[in-house]
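Visitor: Just so it is clear, I am handing over final.cif, which has mmCIF, C-alpha atoms.
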data_coords
loop_
_atom_site.group_PDB
_atom_site.id
_atom_site.type_symbol
_atom_site.label_atom_id
_atom_site.label_comp_id
_atom_site.auth_asym_id
_atom_site.auth_seq_id
_atom_site.Cartn_x
_atom_site.Cartn_y
_atom_site.Cartn_z
ATOM 1 C CA MET A 466 -9.188 46.424 9.415
ATOM 2 C CA TYR A 467 -8.241 44.200 6.550
ATOM 3 C CA ASP A 468 -10.314 44.063 3.424
ATOM 4 C CA LYS A 469 -11.784 40.660 2.675
ATOM 5 C CA ILE A 470 -11.786 39.212 -0.802
ATOM 6 C CA LYS A 471 -14.441 36.662 -1.676
ATOM 7 C CA LEU A 472 -13.220 33.913 -3.933
ATOM 8 C CA ASP A 473 -15.297 31.611 -6.046
ATOM 9 C CA LEU A 474 -13.809 28.240 -5.098
ATOM 10 C CA LYS A 475 -15.438 26.592 -8.085
ATOM 11 C CA ALA A 476 -13.728 29.062 -10.418
ATOM 12 C CA VAL A 477 -10.399 28.516 -8.624
ATOM 13 C CA GLN A 478 -10.780 24.738 -8.997
ATOM 14 C CA ASP A 479 -11.661 25.045 -12.683
ATOM 15 C CA GLY A 480 -8.673 27.294 -13.275
ATOM 16 C CA TRP A 481 -6.317 24.864 -11.549
ATOM 17 C CA VAL A 482 -7.659 21.913 -13.558
ATOM 18 C CA LYS A 483 -7.043 23.712 -16.859
ATOM 19 C CA GLU A 484 -3.691 25.323 -16.046
ATOM 20 C CA GLN A 485 -1.525 23.601 -13.421
ATOM 21 C CA GLY A 486 -3.629 20.538 -12.652
ATOM 22 C CA PRO A 487 -2.174 18.143 -15.284
ATOM 23 C CA HIS A 488 1.406 18.938 -14.229
ATOM 24 C CA HIS A 489 0.614 18.588 -10.522
ATOM 25 C CA VAL A 490 -1.182 15.282 -11.028
ATOM 26 C CA ARG A 491 1.737 13.919 -13.020
ATOM 27 C CA ASN A 492 4.179 14.900 -10.248
ATOM 28 C CA ILE A 493 1.993 13.275 -7.594
ATOM 29 C CA ALA A 494 1.574 10.080 -9.624
ATOM 30 C CA GLU A 495 5.330 9.905 -10.195
ATOM 31 C CA HIS A 496 5.918 10.426 -6.482
ATOM 32 C CA PHE A 497 3.687 7.432 -5.677
ATOM 33 C CA GLY A 498 5.346 5.325 -8.391
ATOM 34 C CA LEU A 499 2.161 4.798 -10.410
ATOM 35 C CA TYR A 500 3.665 5.511 -13.811
ATOM 36 C CA ASP A 501 6.565 3.148 -13.081
ATOM 37 C CA HIS A 502 4.345 0.294 -11.916
ATOM 38 C CA LEU A 503 1.410 0.736 -14.308
ATOM 39 C CA PHE A 504 2.948 2.036 -17.525
ATOM 40 C CA ALA A 505 6.577 0.887 -17.228
ATOM 41 C CA SER A 506 7.837 4.447 -16.620
ATOM 42 C CA ALA A 507 5.825 6.003 -19.484
ATOM 43 C CA PHE A 508 3.536 8.855 -18.457
ATOM 44 C CA PHE A 509 0.646 10.962 -19.699
ATOM 45 C CA TYR A 510 -1.125 14.134 -18.626
ATOM 46 C CA ASN A 511 -4.693 14.342 -17.352
ATOM 47 C CA THR A 512 -6.347 15.895 -20.376
ATOM 48 C CA VAL A 513 -9.861 14.912 -19.275
ATOM 49 C CA PRO A 514 -10.686 15.755 -15.631
ATOM 50 C CA MET A 515 -12.414 12.796 -13.990
ATOM 51 C CA ALA A 516 -14.398 12.791 -10.738
ATOM 52 C CA VAL A 517 -14.732 9.516 -8.808
ATOM 53 C CA CYS A 518 -16.862 9.424 -5.645
ATOM 54 C CA TYR A 519 -17.913 6.642 -3.273
ATOM 55 C CA ASP A 520 -21.427 7.134 -1.955
ATOM 56 C CA TYR A 521 -21.292 4.677 0.925
ATOM 57 C CA ASP A 522 -23.648 6.479 3.277
ATOM 58 C CA GLU A 523 -26.785 8.581 2.971
ATOM 59 C CA ALA A 524 -25.025 11.540 4.554
ATOM 60 C CA PHE A 525 -21.430 11.211 3.330
ATOM 61 C CA VAL A 526 -19.642 10.972 0.003
ATOM 62 C CA THR A 527 -15.934 10.149 -0.256
ATOM 63 C CA PRO A 528 -14.125 11.488 -3.325
ATOM 64 C CA VAL A 529 -11.113 9.814 -4.881
ATOM 65 C CA CYS A 530 -8.387 12.415 -5.263
ATOM 66 C CA TYR A 531 -4.684 11.772 -5.729
ATOM 67 C CA GLY A 532 -3.507 9.488 -2.965
ATOM 68 C CA ASN A 533 -6.100 10.169 -0.260
ATOM 69 C CA LYS A 534 -6.910 7.318 2.127
ATOM 70 C CA ILE A 535 -10.248 5.502 1.904
ATOM 71 C CA LEU A 536 -11.212 2.518 4.048
ATOM 72 C CA PRO A 537 -12.318 -0.679 2.258
ATOM 73 C CA SER A 538 -15.721 -0.482 3.959
ATOM 74 C CA GLU A 539 -16.242 2.944 2.381
ATOM 75 C CA ALA A 540 -15.427 1.525 -1.060
ATOM 76 C CA ALA A 541 -17.638 -1.562 -0.853
ATOM 77 C CA MET A 542 -19.824 -0.531 -3.802
ATOM 78 C CA ALA A 543 -18.804 0.684 -7.241
ATOM 79 C CA PRO A 544 -18.213 4.454 -7.269
ATOM 80 C CA PHE A 545 -19.864 7.151 -9.352
ATOM 81 C CA VAL A 546 -17.593 8.295 -12.181
ATOM 82 C CA SER A 547 -18.178 11.489 -14.140
ATOM 83 C CA TYR A 548 -16.270 13.465 -16.763
ATOM 84 C CA GLU A 549 -17.010 15.742 -19.693
ATOM 85 C CA SER A 550 -17.515 13.995 -23.009
ATOM 86 C CA ASP A 551 -19.417 14.129 -26.257
ATOM 87 C CA GLU A 552 -22.190 11.594 -26.614
ATOM 88 C CA ASP A 553 -20.468 9.860 -29.540
ATOM 89 C CA THR A 554 -17.060 9.421 -27.862
ATOM 90 C CA LEU A 555 -16.188 5.948 -26.537
ATOM 91 C CA TRP A 556 -14.266 5.306 -23.324
ATOM 92 C CA THR A 557 -12.775 2.477 -21.260
ATOM 93 C CA LEU A 558 -12.580 2.692 -17.473
ATOM 94 C CA VAL A 559 -10.127 0.529 -15.520
ATOM 95 C CA MET A 560 -9.666 0.186 -11.752
ATOM 96 C CA THR A 561 -6.527 -1.721 -10.850
ATOM 97 C CA SER A 562 -4.166 -2.203 -7.922
ATOM 98 C CA PRO A 563 -0.412 -2.567 -8.511
ATOM 99 C CA ASP A 564 -0.058 -3.829 -4.919
ATOM 100 C CA GLY A 565 -3.063 -6.130 -4.599
ATOM 101 C CA HIS A 566 -1.883 -9.302 -6.346
ATOM 102 C CA LEU A 567 -1.220 -11.909 -3.654
ATOM 103 C CA GLN A 568 0.738 -14.391 -5.790
ATOM 104 C CA ASP A 569 2.852 -12.248 -8.141
ATOM 105 C CA ASN A 570 4.423 -8.940 -7.150
ATOM 106 C CA ASP A 571 4.946 -8.002 -10.801
ATOM 107 C CA ARG A 572 1.238 -8.246 -11.639
ATOM 108 C CA GLU A 573 -1.823 -6.198 -10.780
ATOM 109 C CA CYS A 574 -5.234 -7.141 -9.479
ATOM 110 C CA LEU A 575 -8.051 -5.960 -11.754
ATOM 111 C CA HIS A 576 -10.923 -4.649 -9.637
ATOM 112 C CA TRP A 577 -13.168 -3.166 -12.321
ATOM 113 C CA MET A 578 -13.272 -2.703 -16.096
ATOM 114 C CA VAL A 579 -15.979 -1.165 -18.234
ATOM 115 C CA THR A 580 -15.435 -0.651 -21.946
ATOM 116 C CA ASN A 581 -17.316 0.893 -24.876
ATOM 117 C CA ILE A 582 -18.744 3.598 -22.610
ATOM 118 C CA ARG A 583 -20.638 6.019 -24.802
ATOM 119 C CA GLY A 584 -20.180 9.554 -23.530
ATOM 120 C CA CYS A 585 -20.167 9.590 -19.720
ATOM 121 C CA ASP A 586 -22.751 6.830 -19.307
ATOM 122 C CA VAL A 587 -20.587 4.390 -17.344
ATOM 123 C CA GLN A 588 -23.535 2.229 -16.351
ATOM 124 C CA GLY A 589 -24.431 1.791 -20.012
ATOM 125 C CA GLY A 590 -20.985 0.465 -20.967
ATOM 126 C CA GLU A 591 -19.967 -3.153 -21.367
ATOM 127 C CA THR A 592 -18.736 -4.550 -18.054
ATOM 128 C CA VAL A 593 -15.710 -6.726 -18.720
ATOM 129 C CA CYS A 594 -14.908 -7.204 -15.019
ATOM 130 C CA GLU A 595 -17.411 -6.684 -12.213
ATOM 131 C CA TYR A 596 -16.459 -4.346 -9.397
ATOM 132 C CA LEU A 597 -14.557 -5.905 -6.486
ATOM 133 C CA GLN A 598 -13.943 -3.770 -3.423
ATOM 134 C CA PRO A 599 -10.388 -3.209 -2.129
ATOM 135 C CA PHE A 600 -9.114 -5.957 0.168
ATOM 136 C CA PRO A 601 -5.733 -4.838 1.544
ATOM 137 C CA VAL A 602 -4.444 -7.635 3.758
ATOM 138 C CA ARG A 603 -3.759 -7.138 7.427
ATOM 139 C CA GLY A 604 -0.229 -5.941 8.134
ATOM 140 C CA ALA A 605 0.577 -4.857 4.566
ATOM 141 C CA GLY A 606 0.016 -1.147 5.194
ATOM 142 C CA CYS A 607 -1.582 1.123 2.595
ATOM 143 C CA LEU A 608 -2.118 -0.256 -0.916
ATOM 144 C CA ARG A 609 -2.709 1.832 -4.048
ATOM 145 C CA TYR A 610 -5.871 1.667 -6.172
ATOM 146 C CA ALA A 611 -5.916 3.564 -9.459
ATOM 147 C CA PHE A 612 -8.695 4.590 -11.860
ATOM 148 C CA ILE A 613 -7.568 5.051 -15.465
ATOM 149 C CA LEU A 614 -9.792 6.444 -18.207
ATOM 150 C CA PHE A 615 -8.896 5.557 -21.813
ATOM 151 C CA GLN A 616 -10.399 7.250 -24.841
ATOM 152 C CA GLN A 617 -11.261 4.815 -27.622
ATOM 153 C CA GLN A 618 -10.880 5.386 -31.337
ATOM 154 C CA LYS A 619 -13.292 2.558 -32.128
ATOM 155 C CA PRO A 620 -15.390 -0.074 -30.308
ATOM 156 C CA LEU A 621 -13.381 -2.791 -28.538
ATOM 157 C CA ASP A 622 -14.132 -6.482 -28.248
ATOM 158 C CA LEU A 623 -12.440 -7.804 -25.094
ATOM 159 C CA SER A 624 -14.612 -10.866 -24.533
ATOM 160 C CA ASP A 625 -11.809 -13.209 -25.611
ATOM 161 C CA CYS A 626 -9.115 -11.401 -23.633
ATOM 162 C CA TYR A 627 -10.829 -10.987 -20.281
ATOM 163 C CA PRO A 628 -13.712 -13.441 -19.836
ATOM 164 C CA ILE A 629 -13.998 -12.538 -16.133
ATOM 165 C CA SER A 630 -17.221 -10.584 -15.997
ATOM 166 C CA ASP A 631 -18.465 -12.012 -12.705
ATOM 167 C CA SER A 632 -15.407 -13.974 -11.569
ATOM 168 C CA ASN A 633 -14.136 -13.706 -8.015
ATOM 169 C CA SER A 634 -10.996 -15.694 -8.748
ATOM 170 C CA LEU A 635 -7.851 -13.689 -8.086
ATOM 171 C CA SER A 636 -5.924 -15.666 -10.692
ATOM 172 C CA GLU A 637 -8.440 -14.659 -13.377
ATOM 173 C CA ARG A 638 -8.201 -11.036 -12.240
ATOM 174 C CA THR A 639 -4.462 -10.965 -12.935
ATOM 175 C CA PHE A 640 -3.821 -7.848 -15.006
ATOM 176 C CA SER A 641 -1.133 -5.611 -16.450
ATOM 177 C CA THR A 642 -2.002 -2.057 -17.467
ATOM 178 C CA ALA A 643 1.166 -1.744 -19.548
ATOM 179 C CA GLU A 644 0.406 -4.911 -21.530
ATOM 180 C CA PHE A 645 -3.238 -3.927 -21.971
ATOM 181 C CA TYR A 646 -2.264 -0.525 -23.364
ATOM 182 C CA ARG A 647 0.539 -1.980 -25.494
ATOM 183 C CA LYS A 648 -1.864 -4.464 -27.076
ATOM 184 C CA HIS A 649 -4.578 -1.887 -27.853
ATOM 185 C CA ARG A 650 -2.513 1.290 -28.213
ATOM 186 C CA GLU A 651 -3.745 1.793 -31.764
ATOM 187 C CA ASP A 652 -7.317 2.012 -30.456
ATOM 188 C CA ILE A 653 -7.060 3.619 -26.978
ATOM 189 C CA THR A 654 -5.335 6.630 -25.430
ATOM 190 C CA PRO A 655 -4.966 7.217 -21.662
ATOM 191 C CA ALA A 656 -6.723 10.453 -20.796
ATOM 192 C CA SER A 657 -7.216 10.625 -17.032
ATOM 193 C CA LEU A 658 -5.892 9.190 -13.786
ATOM 194 C CA CYS A 659 -6.838 9.348 -10.119
ATOM 195 C CA PHE A 660 -6.064 7.016 -7.232
ATOM 196 C CA PHE A 661 -6.450 6.421 -3.525
ATOM 197 C CA GLN A 662 -4.830 4.380 -0.779
ATOM 198 C CA SER A 663 -6.503 1.870 1.496
ATOM 199 C CA ARG A 664 -5.519 -0.247 4.479
ATOM 200 C CA TRP A 665 -7.124 -3.198 6.278
ATOM 201 C CA ASP A 666 -10.352 -2.933 8.216
ATOM 202 C CA VAL A 667 -12.868 -5.535 9.413
ATOM 203 C CA SER A 668 -14.756 -5.569 6.096
ATOM 204 C CA VAL A 669 -11.737 -7.204 4.409
ATOM 205 C CA SER A 670 -12.266 -10.409 6.408
ATOM 206 C CA SER A 671 -15.786 -10.677 5.006
ATOM 207 C CA VAL A 672 -14.491 -10.243 1.443
ATOM 208 C CA PHE A 673 -12.036 -13.121 1.804
ATOM 209 C CA GLN A 674 -14.585 -15.362 3.487
ATOM 210 C CA ASN A 675 -17.749 -14.646 1.487
ATOM 211 C CA VAL A 676 -16.531 -13.357 -1.885
ATOM 212 C CA LEU A 677 -13.076 -14.755 -2.590
ATOM 213 C CA LYS A 678 -13.760 -18.003 -0.675
ATOM 214 C CA MET A 679 -10.215 -18.242 0.641
ATOM 215 C CA LYS A 680 -8.347 -18.012 3.891
ATOM 216 C CA GLU A 681 -7.436 -14.459 4.784
ATOM 217 C CA PRO A 682 -3.678 -13.878 4.750
ATOM 218 C CA SER A 683 -2.018 -11.780 7.400
ATOM 219 C CA TYR A 684 1.431 -10.231 7.392
ATOM 220 C CA GLU A 685 3.428 -9.526 10.514
ATOM 221 C CA PHE A 686 6.635 -7.557 10.803
ATOM 222 C CA ILE A 687 9.269 -9.496 12.733
ATOM 223 C CA PRO A 688 11.913 -7.062 14.001
ATOM 224 C CA PRO A 689 15.515 -8.222 13.722
ATOM 225 C CA PRO A 690 17.278 -9.169 16.953
ATOM 226 C CA ASP A 691 19.137 -6.438 18.768
ATOM 227 C CA TYR A 692 22.725 -6.139 17.675
ATOM 228 C CA HIS A 693 25.368 -6.501 20.351
ATOM 229 C CA GLN A 694 29.019 -6.145 19.611
ATOM 230 C CA GLU A 695 31.331 -9.030 20.373
ATOM 231 C CA GLU A 696 31.738 -9.563 24.075
ATOM 232 C CA ARG A 697 34.952 -8.140 25.507
ATOM 233 C CA HIS A 698 36.909 -9.826 28.255
ATOM 234 C CA CYS A 699 37.470 -6.634 30.230
ATOM 235 C CA PRO A 700 34.996 -3.936 29.113
ATOM 236 C CA GLN A 701 36.137 -0.479 30.067
ATOM 237 C CA LEU A 702 33.872 2.343 31.288
ATOM 238 C CA ASP A 703 30.756 0.148 30.954
ATOM 239 C CA SER A 704 28.499 -0.458 33.926
ATOM 240 C CA ILE A 705 27.630 -3.952 35.116
ATOM 241 C CA GLU A 706 23.977 -3.188 34.400
ATOM 242 C CA TRP A 707 24.795 -2.409 30.760
ATOM 243 C CA TYR A 708 26.751 -5.657 30.553
ATOM 244 C CA LEU A 709 23.896 -7.697 32.013
ATOM 245 C CA ASP A 710 21.350 -6.056 29.686
ATOM 246 C CA CYS A 711 23.448 -6.902 26.630
ATOM 247 C CA TYR A 712 24.790 -10.360 27.397
ATOM 248 C CA PHE A 713 22.874 -11.878 30.290
ATOM 249 C CA GLY A 714 20.110 -13.205 28.035
ATOM 250 C CA GLU A 715 16.346 -13.338 28.518
ATOM 251 C CA GLU A 716 16.235 -16.873 29.926
ATOM 252 C CA ALA A 717 18.966 -16.162 32.439
ATOM 253 C CA THR A 718 17.255 -12.908 33.401
ATOM 254 C CA LEU A 719 13.957 -14.718 33.999
ATOM 255 C CA GLU A 720 15.702 -17.393 36.072
ATOM 256 C CA ASP A 721 17.451 -14.748 38.151
ATOM 257 C CA TRP A 722 14.175 -12.915 38.658
ATOM 258 C CA TYR A 723 12.306 -16.052 39.769
ATOM 259 C CA THR A 724 15.113 -16.911 42.158
ATOM 260 C CA GLU A 725 15.007 -13.441 43.653
ATOM 261 C CA GLU A 726 11.218 -13.616 44.033
ATOM 262 C CA LEU A 727 11.364 -17.007 45.770
ATOM 263 C CA GLU A 728 14.036 -15.791 48.135
ATOM 264 C CA THR A 729 12.065 -12.710 49.130
ATOM 265 C CA HIS A 730 8.727 -14.555 49.518
ATOM 266 C CA GLU A 731 9.476 -17.580 51.664
ATOM 267 C CA ASN A 732 5.839 -18.189 52.616
ATOM 268 C CA PRO A 733 3.593 -18.097 49.531
ATOM 269 C CA SER A 734 0.424 -18.218 51.670
ATOM 270 C CA ALA A 735 1.365 -15.131 53.650
ATOM 271 C CA HIS A 736 0.443 -11.655 52.561
ATOM 272 C CA PRO A 737 3.313 -9.912 50.789
ATOM 273 C CA ALA A 738 5.108 -7.361 52.858
ATOM 274 C CA GLU A 739 4.157 -3.791 52.206
ATOM 275 C CA GLU A 740 6.678 -2.087 50.016
ATOM 276 C CA SER A 741 8.548 0.802 51.511
ATOM 277 C CA LYS A 742 7.793 4.234 50.132
ATOM 278 C CA SER A 743 11.519 4.923 50.294
ATOM 279 C CA PRO A 744 13.131 1.602 49.366
ATOM 280 C CA ASN A 745 16.605 3.055 48.929
ATOM 281 C CA VAL A 746 16.869 4.622 52.369
ATOM 282 C CA ALA A 747 18.408 1.478 53.852
ATOM 283 C CA SER A 748 22.099 1.351 53.097
ATOM 284 C CA ALA A 749 23.914 -1.685 51.788
ATOM 285 C CA ALA A 750 26.362 -3.543 53.932
ATOM 286 C CA ASP A 751 29.879 -2.186 53.665
ATOM 287 C CA PRO A 752 32.260 -2.746 52.108
ATOM 288 C CA VAL A 753 30.697 -3.564 48.710
ATOM 289 C CA PRO A 754 31.679 -2.475 45.190
ATOM 290 C CA SER A 755 29.888 0.550 43.759
ATOM 291 C CA TRP A 756 28.226 -1.506 41.006
ATOM 292 C CA VAL A 757 26.610 -3.726 43.643
ATOM 293 C CA LYS A 758 25.101 -0.671 45.286
ATOM 294 C CA LEU A 759 23.753 0.552 41.954
ATOM 295 C CA ARG A 760 22.285 -2.851 41.144
ATOM 296 C CA LEU A 761 20.694 -3.077 44.581
ATOM 297 C CA LYS A 762 19.197 0.367 44.052
ATOM 298 C CA ASP A 763 17.714 -0.694 40.684
ATOM 299 C CA LEU A 764 16.325 -3.915 42.147
ATOM 300 C CA ARG A 765 14.607 -2.038 44.961
ATOM 301 C CA SER A 766 13.118 0.423 42.464
ATOM 302 C CA HIS A 767 12.086 -2.340 39.986
ATOM 303 C CA GLU A 768 14.146 -0.766 37.225
ATOM 304 C CA HIS A 769 16.674 -1.806 34.590
ATOM 305 C CA GLN A 770 16.784 -5.351 33.145
ATOM 306 C CA TRP A 771 13.689 -6.595 35.028
ATOM 307 C CA LYS A 772 11.460 -3.606 34.466
ATOM 308 C CA ASP A 773 9.769 -5.112 31.356
ATOM 309 C CA LEU A 774 9.045 -8.548 32.818
#
Hey, can you dump this file as C-alpha cells for me?
Guide:
Amino acid sequence: MYDKIKLDLKAVQDGWVKEQGPHHVRNIAEHFGLYDHLFASAFFYNTVPMAVCYDYDEAFVTPVCYGNKILPSEAAMAPFVSYESDEDTLWTLVMTSPDGHLQDNDRECLHWMVTNIRGCDVQGGETVCEYLQPFPVRGAGCLRYAFILFQQQKPLDLSDCYPISDSNSLSERTFSTAEFYRKHREDITPASLCFFQSRWDVSVSSVFQNVLKMKEPSYEFIPPPDYHQEERHCPQLDSIEWYLDCYFGEEATLEDWYTEELETHENPSAHPAEESKSPNVASAADPVPSWVKLRLKDLRSHEHQWKDL
C-alpha cells in the first residue's frame, strides 16, 4: 500500500505563479516568437497574473493560457479578463495578432483595445477598438493572438491615435505593439501576457462576408514537382518500371493506359470479363526479357505506375 498525499491544486497554482511562473511564461513566449514580433526582441516578465476566459457556451468556458488552441467560433465574443489590482490603478488591455494582417507581414491586426481601465473593471474602461473575433484564413495554419496588459502611470488620450472604435476596416486596424509602447513608454509598462492559437473554421467565412465585407482569401500549398536526376542513356541496376515511373510522364502514362483498356475491351457493350482470382498463374510467352515478365505481372495486379489512376 502506498500512502496518498492530497494536494491543494489551487495552492500549487498560486505557488507556481509567484515563483516559477514568470520565467516559464517568458520562455514559452520566446519559443513562440512573441517577444520578437511584438516588442522587437525586448521582453518583460508577467508581474501581474491575468486570467482570460471565453464563455461561448452555457456549459463550457475556454481559458486562454500560453499557446493553447481555440477555434474562432469559440472566441466570437469578447472574453472575460480578470487580474488583481487596486481600485485607483489604471490599465490598458490590448489584443493583437502578429500573423493576422492580410496586406503587410510586418504589421499586426488590432482585435481589441480598452484603455483607462480603473482597477479590474474592463467593461468600465474606454474602448478604443471594439472586439473583433479571430479570422485565420483557410490554409494558413494556426495564427497567434496575444493579450497584453499595460499598467498606466496616468490617464491616456488615444482618440487621435486610434479613431477606430467601431471600425471593421482591416487597414484601420493596422497596429504595431512595439511602436505603441515606444510612443507611450513614459506612461505605460507591460505587466502581463497570455496568448492562444487559432485556425480556420466555418465561422471565419461569416466574419469575412458579414463583418469585414470582403471576399474571403484562401491559401493552398502547392508542392514542388518531384525531382528526377538527369536521364542516363544506359541506366545500370535500375528496373524498367523505375525508369517508366520517373521519365514516362503522366500524359504518356494515361495514353498507354487508355490504349491498354481499349485493347482488352473490344466490345464496350459487353459485360467485362470476370477477373481471375490468380491473374499471375498464366505464364508469359517465352522467350521474353525478365523486365517484360515483371511488367506483365504488375499490369495484371493493377500495380506500379497505373495504380493511382
Visitor: Which residues come within 7 Å of Gln618 (chain A), counting all atoms listed in the file, excluding same-chain residues fewer than 2 positions away, as a VMD selection string?
Guide: chain A and resid 616 652 to 653
Visitor: I need the residues from that last selection saved to file as a tab-separated table (two decimals), in the frame of the given file (with C-alpha atoms), if you can.
Guide:
chain	number	residue	atom	x	y	z
A	616	GLN	CA	-10.40	7.25	-24.84
A	652	ASP	CA	-7.32	2.01	-30.46
A	653	ILE	CA	-7.06	3.62	-26.98
Visitor: Nearest residue to Leu575 (chain A) out of A:Thr527, A:Gln617, A:Thr561, A:Ser624, using all atoms listed in the file?
Guide: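 Distance minimum relative to Leu575 (chain A) lands on A:Thr561.
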Visitor: Got a sec: who's within 8 Å of Asp666 (chain A), counting only C-alpha atoms, leaving out chain neighbours fewer than 4 positions off, as a ChimeraX atom specification?
Guide: /A:536-538,603,670
Visitor: Filtering to C-alpha atoms, could you give me those residues as a short mmCIF file (atom, residue, chain, number, x, y, z; two decimals), in the frame of the given file?
Guide:
data_model
loop_
_atom_site.label_atom_id
_atom_site.label_comp_id
_atom_site.auth_asym_id
_atom_site.auth_seq_id
_atom_site.Cartn_x
_atom_site.Cartn_y
_atom_site.Cartn_z
CA LEU A 536 -11.21 2.52 4.05
CA PRO A 537 -12.32 -0.68 2.26
CA SER A 538 -15.72 -0.48 3.96
CA ARG A 603 -3.76 -7.14 7.43
CA SER A 670 -12.27 -10.41 6.41
#
Visitor: Could you spell out the hits of the PyMOL selection byres ((chain A and resi 518) around 7) on the shown file, as an MDAnalysis selection string?
Guide: chainID A and resid 516:517 519:520 526:529 544:546
Visitor: With distances taken over only C-alpha atoms, which of A:Leu623, A:Tyr467, A:Lys648, A:Tyr531 is nearest to Asn492 (chain A)?
Guide: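 Residue with the minimum atom-to-atom distance to Asn492 (chain A): A:Tyr531.
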Visitor: At what distance in Å, to one decimal, does CA of Val602 (chain A) lie from CA of Ile535 (chain A)?
Guide: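 Distance between the two atoms: 14.5 Å.
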Visitor: Using all atoms listed in the file, which residue out of A:Pro514, A:Lys680, A:Glu495, A:Asp569 lies closest to Gly480 (chain A)?
Guide: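 Selected residue with least distance to Gly480 (chain A): A:Pro514.
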Visitor: Considering only C-alpha atoms, return as a PyMOL selection string whatever protein or nucleic-acid residues lie within 8 Å of Pro487 (chain A), sequence-local ones (same chain, fewer than 4 positions apart) excluded.
Guide: chain A and resi 482-483+491+510-512
Visitor: Name the residues that the PyMOL selection byres ((chain A and resi 596) around 8) pulls out of this structure, and write them as a list of chain:residue names.
Guide: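 Checking the PyMOL selection byres ((chain A and resi 596) around 8) against this file, the residues are A:Met542, A:Ala543, A:His576, A:Trp577, A:Met578, A:Cys594, A:Glu595, A:Leu597, A:Gln598.
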Visitor: How many Å separate CA of Ser683 (chain A) from CA of Ser632 (chain A)?
Guide: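 Computed distance, CA of Ser683 (chain A) to CA of Ser632 (chain A), equals 23.3 Å.
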Visitor: Work out how far apart CA of Glu681 (chain A) and CA of Asp571 (chain A) are and give it in Å to one decimal.
Guide: 20.9 Å
Visitor: Quick one: which residues end up in the PyMOL selection byres ((chain A and resi 622) around 10) for this structure, as a compact mmCIF listing (two decimals) with C-alpha atoms, in the frame of the given file?
Guide:
# COMPACT_ATOMS: atom_id res chain seq x y z
CA THR A 580 -15.44 -0.65 -21.95
CA ASN A 581 -17.32 0.89 -24.88
CA GLU A 591 -19.97 -3.15 -21.37
CA VAL A 593 -15.71 -6.73 -18.72
CA LYS A 619 -13.29 2.56 -32.13
CA PRO A 620 -15.39 -0.07 -30.31
CA LEU A 621 -13.38 -2.79 -28.54
CA LEU A 623 -12.44 -7.80 -25.09
CA SER A 624 -14.61 -10.87 -24.53
CA ASP A 625 -11.81 -13.21 -25.61
CA CYS A 626 -9.12 -11.40 -23.63
CA TYR A 627 -10.83 -10.99 -20.28
Visitor: Of the candidates A:Gly604, A:Gly589, A:Pro682, A:Pro563, which one gets nearest to Ala643 (chain A) if we count all atoms listed in the file?
Guide: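 The shortest atom-to-atom distance to Ala643 (chain A) comes from A:Pro563.
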Visitor: Please rebuild region 599-608 of chain A with N, CA, C and O atoms and give the result as a PDB file, in the frame of the given file.
Guide:
ATOM      1  N   PRO A 599     -11.771  -3.007  -2.585  1.00  0.00           N
ATOM      2  CA  PRO A 599     -10.388  -3.209  -2.129  1.00  0.00           C
ATOM      3  C   PRO A 599     -10.335  -4.202  -0.969  1.00  0.00           C
ATOM      4  O   PRO A 599     -11.224  -4.236  -0.117  1.00  0.00           O
ATOM      5  N   PHE A 600      -9.291  -4.997  -0.926  1.00  0.00           N
ATOM      6  CA  PHE A 600      -9.114  -5.957   0.168  1.00  0.00           C
ATOM      7  C   PHE A 600      -7.642  -5.972   0.606  1.00  0.00           C
ATOM      8  O   PHE A 600      -6.959  -7.000   0.536  1.00  0.00           O
ATOM      9  N   PRO A 601      -7.123  -4.848   1.064  1.00  0.00           N
ATOM     10  CA  PRO A 601      -5.733  -4.838   1.544  1.00  0.00           C
ATOM     11  C   PRO A 601      -5.579  -5.762   2.744  1.00  0.00           C
ATOM     12  O   PRO A 601      -6.347  -5.691   3.697  1.00  0.00           O
ATOM     13  N   VAL A 602      -4.602  -6.633   2.710  1.00  0.00           N
ATOM     14  CA  VAL A 602      -4.444  -7.635   3.758  1.00  0.00           C
ATOM     15  C   VAL A 602      -3.897  -6.992   5.026  1.00  0.00           C
ATOM     16  O   VAL A 602      -3.236  -5.953   4.990  1.00  0.00           O
ATOM     17  N   ARG A 603      -4.184  -7.655   6.133  1.00  0.00           N
ATOM     18  CA  ARG A 603      -3.759  -7.138   7.427  1.00  0.00           C
ATOM     19  C   ARG A 603      -2.225  -7.156   7.522  1.00  0.00           C
ATOM     20  O   ARG A 603      -1.569  -8.142   7.206  1.00  0.00           O
ATOM     21  N   GLY A 604      -1.666  -6.042   7.946  1.00  0.00           N
ATOM     22  CA  GLY A 604      -0.229  -5.941   8.134  1.00  0.00           C
ATOM     23  C   GLY A 604       0.543  -5.463   6.928  1.00  0.00           C
ATOM     24  O   GLY A 604       1.759  -5.262   7.016  1.00  0.00           O
ATOM     25  N   ALA A 605      -0.129  -5.281   5.790  1.00  0.00           N
ATOM     26  CA  ALA A 605       0.577  -4.857   4.566  1.00  0.00           C
ATOM     27  C   ALA A 605       0.661  -3.344   4.428  1.00  0.00           C
ATOM     28  O   ALA A 605       1.288  -2.851   3.499  1.00  0.00           O
ATOM     29  N   GLY A 606       0.008  -2.599   5.297  1.00  0.00           N
ATOM     30  CA  GLY A 606       0.016  -1.147   5.194  1.00  0.00           C
ATOM     31  C   GLY A 606      -0.970  -0.660   4.150  1.00  0.00           C
ATOM     32  O   GLY A 606      -1.968  -1.316   3.840  1.00  0.00           O
ATOM     33  N   CYS A 607      -0.692   0.510   3.590  1.00  0.00           N
ATOM     34  CA  CYS A 607      -1.582   1.123   2.595  1.00  0.00           C
ATOM     35  C   CYS A 607      -1.247   0.607   1.196  1.00  0.00           C
ATOM     36  O   CYS A 607      -0.083   0.622   0.791  1.00  0.00           O
ATOM     37  N   LEU A 608      -2.275   0.172   0.468  1.00  0.00           N
ATOM     38  CA  LEU A 608      -2.118  -0.256  -0.916  1.00  0.00           C
ATOM     39  C   LEU A 608      -2.742   0.779  -1.843  1.00  0.00           C
ATOM     40  O   LEU A 608      -3.671   1.492  -1.469  1.00  0.00           O
TER      41      LEU A 608
END
